[in-house]
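J.: Next up is a structure, given as structure tokens.
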Amino acid sequence: MSIDTNILKTLQTGNEQDVCLVLEAFTTKNAQTFSFPELTLDVKQKCVEAILDLLRVQGAAKCHILCLETLRLFSREKEKLAGMISEVALNLMMKMAGLQHYSEEEGECVTIQNGDPDVMVEAQKCLCNLIFNNVQVQRVCSKNGCVEGIIQRLKTYKDPDLKFEIKFFDMRMLFLLTALCAETRPLIRYELHGFTYLMEVVDLILRDADARQSGLTEQEVDLCCEILKILFNITVPIDKNALDEEEEAHFMRLVSVLRDLLMCRTQSKDRQEELKSHTVNLLTNIPRDCYEELLIPLNEIDVGGMENKDVEFDGKNMEAVIVLLDFLYNRLDPMKSLKESLTPILHCLCETCRANRAIRKFCRSKVLPPLKDEVKKLPEDGDTLRNRLCKLLTSPITDVKDLAADFLFVLCKESVNRMVKYTGYGNSAGLLANRGLLLGGKSGGDYSSNSDDSDTEEYSQLRDMVNPVTGRWEEDKPDPFEGMSEEQKEFEAMKLVNMMHKLQCQGIIQPSGVDESGRPQPVEHVLELMENMTNPSGATGEQEELD
């Protein structure tokens with residue numbers, strides 16, 4: 001159903017009953033329509049003006065809802081937004097949404113308007129669409145008191161009579177504004193103290209669920225996810241190394257709330273995965289010193305019926321870390337998109353393990369436990385966390401490969417010898433080359449000096465026959481040069497050199513040596529590699545680390 005001259009005339013001059021009939025038919029027919037190419041800009045603008053006039057007069061809630069539903073359908077288009085993006089129209093929709101701002105210049109403040117909840121929700125939906133689709137609307141709504149109004153209403157979220165949809169679309173608007181208008185982030189965080197209010201809403205939701213002794217409902221998960229996205233946006237620009245005491249306290253409080261979110265149950269298993277995903281994303285913005293709040297002394301909490309030995313490590317409860325490792329394991333499923341699903345959790349675990357010794361040692365005990373007879377298989381063969389992470393070390397997705405290598409390297413206390421032991425030199429060569437560690441040694445990480453890498457009896461018996469390149473135990477094989485004369489050996493060596501030179505000339509490979517900085521250095525001819533073997537330029541005492 002399109003809008004013709006008769007419908008337009010009804011909107012402009014018809015009575016309320018006729019208007020409702022026309023709009024109800026239009027919205028029902030176009031509920032799933034996202035563009036109106038047959039509608040000219042002139043006709044659409046006249047329709048919008050007529051609908052705005054109807055919203056300005058006192059009328060039945062049903063009529064206002066149908067008017068706003070029509071505007072919502074129109075606002076789905078990025079083009080031809082017509083009169084909907086003017087400040088007058090936006091202020092009217094703000095008023096219908098229950099948000100009214102009086103300028104600070106007049107000495108007044110934000111007030112919350114009461115109204116029909118269904119009307120308010122439809123107005124909020126219109127504003128969400130317009131903010132998403134139009135830059136001008138983004139600028140206006142970041143300055144016309146919309147943000148202030150939402151933060152004011154945020155303080156009333158504990159009111160049980162406040163409709164969930166109003167809370168949800170408040171948060172959706174705030175998310176869009178913080179994502180698309182960078183200037184709103186410091187406004188919310190510092191001037192309006194939104195950081196604290198948002199945290200407390202999440203904490204309130206968790207306490208309500210705990211009081212009911214049930215998991216979070218679908219609606220509560222939806223609201224928490226929107227708030228977590230807002231908190232992510234407003235903490236992105238924070239300088240983690242220049243926090244004052246108050247900011248650090250806020251982050252400490254935030255981490256404790258995030259820990260509770262990791263541990264909470266949801267009534268839907270699928271939604272629990274989504275909630276954890278947003279929680280992990282936010283944890284990547286946390287200053288390192290605050291990750292300690294993920295751990296709580298065992299005597300301060302109830303371990304939920306679990307045996308202490310299952311969650312205890314260094315006198316701390318590791319349940320939150322176990323959740324993060326389980327989340328990583330599930331995200332390592334080969335069927336899932338690697339980059340989008342893995343980069344946040346890998347980055348999160350890298351940061352937490354660097355920041356906290358207890359977390360690093362616990363993660364190492366789970367990811368890189370002492371090797372036994374599994375050394376008979378390649379590091380990437382199998383289904384353990386170590387196996388799955390080693391598979392990523394040769395991934396074509398650079399971000400994933402680098403983060404997986406970084407996580408394993410941190411667990412190895414940035415020791416080349418230990419990294420090679422658990423992953424094989426071939427798998428770890430990319431990381432070592434990037435860090436200038438191809439000759440061995442340690443990176444510059446700040447780790448305790450005492451070693452916690454004792455070999456098991458099984459590994460000790462197999463260690464001498466482990467191939468350091470593959471990281472796998474291999475049986476003795478016959479020497480291929482046995483029985484050859486020196487001339488035959490030289491012939492075979494030159495044959496290999498010629499084959500490598502041919503591949504180099506074709507641009508298929510680029511032979512490299514290792515310079516004094518421990519990084520790959522391309523060579524012009526394969527024979528230079530043989531010269532380097534007799535005169536190693538980078539020989540240092542650190543080479544013993546690979547022995």
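To be explicit about the labels: the chains of the structure tokens are called A, B, and onward in the order shown, and within each one the residues are counted from 1, while ligands get numbers from 1 in the order they are shown.
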Would you please give, as a ChimeraX atom specification, all residues of stretch 192-364 of chain A that DSSP assigns to helix (DSSP H, G or I) based on the backbone?
T.: /A:194-212,218-235,245-263,269-283,288-294,298-300,308-311,319-331,338-355,357-364
J.: Residues of stretch 6-246 of chain A in strand (DSSP E or B) according to DSSP, as a VMD selection string?
T.: chain A and resid 99 to 100 111 to 112 216
J.: Keeping C-alpha atoms for every residue in the selection just given, could you write it to a file as a PDB file, in the first residue's frame?
T.:
```pdb
ATOM      1  CA  LEU A  99      12.662  13.035  27.584  1.00  0.00           C
ATOM      2  CA  GLN A 100      12.446  16.812  27.833  1.00  0.00           C
ATOM      3  CA  THR A 111      13.200  16.586  33.545  1.00  0.00           C
ATOM      4  CA  ILE A 112      11.470  13.319  32.821  1.00  0.00           C
ATOM      5  CA  LEU A 216      18.688 -13.879  34.119  1.00  0.00           C
TER       6      LEU A 216
END
```
J.: Find the spatial neighbours of stretch 256-264 of chain A, counting only C-alpha atoms, within a cut-off of 7 Å - ignore same-chain residues fewer than 3 positions away - and output them as a count of residues only.
T.: 10
J.: Find the residue from A:Leu254, A:Ile286, A:Cys67, A:Leu73 that sits nearest to A:Ile238; use only C-alpha atoms when measuring.
T.: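 That would be A:Ile286, the residue with the smallest distance to A:Ile238.
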J.: So, counting only C-alpha atoms, which residue among A:Val280, A:Leu496, A:Val202, A:Met93 is closest to A:Met120?
T.: A:Met93
J.: Kindly give the distance, in Å, that separates atom CA of A:Leu176 and atom CA of A:Glu273, rounded to a single decimal.
T.: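 A separation of 22.7 Å between them.
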J.: Can you tell me which residues surround A:Ala179 at a distance of at most 8 Å, considering only C-alpha atoms, apart from same-chain residues fewer than 4 positions away, and format the answer as number ranges by chain?
T.: A: 175, 230, 233
J.: With only C-alpha atoms as the atoms that count, which of A:Lys95, A:Phe251, A:Met199, A:Cys141 lies nearest to A:Asp116?
T.: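 That would be A:Lys95, the residue with the smallest distance to A:Asp116.
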